[in-house]
Amino acid sequence: MANYETLDAHNEKTEENSFEENLKELENIVFKLENGEVPLDEAINEFHRAMILVKTCDDKLNDAKDTLAKLVKDNDDIIDFNVDE
């Protein structure tokens, strides 16, 4: 099963990594899982890691969006940053 100490260490590293580093790691995990040659236990761990990376990347994107919105607001230029999903 999952080695939680290793997962915790990965989680701390994820927070420190840049968005681009986390995205690259996520792409590598997706490639491995799509390949289908990963043992089940490892696939579960990789999927868990991928979900952490997705959340971290999403949080960083939202932080960047909020920062940009604040900068624009501070300059009295109003731009709607809502993104259609």
# chains A, B, ... in the order shown; residues from 1 in each chain; ligands from 1

$ residues_around --residues "range 11-17 of chain A" --least-positions-apart "3" --cutoff "12 Å" --atoms "only C-alpha atoms" --output "list in words"
Tyr4, Glu5, Thr6, Leu7, Asp8, Glu20, Glu21, Asn22, Leu23, Lys24, Glu25, Leu26, His48, Arg49, Ala50, Met51, Ile52, Leu53, Val54, Lys55, Thr56, Cys57, Asp58, Asp59 and Lys60 of chain A

$ closest_residue --among "A:Val72, A:Glu46, A:Thr67, A:Leu61" --to "Val30 in chain A" --atoms "only C-alpha atoms"
A:Glu46

$ atom_distance --atom1 "CA of Glu27 in chain A" --atom2 "CA of Leu40 in chain A"
18.9 Å

$ atom_distance --atom1 "CA of Lys32 in chain A" --atom2 "CA of Asn45 in chain A"
12.0 Å
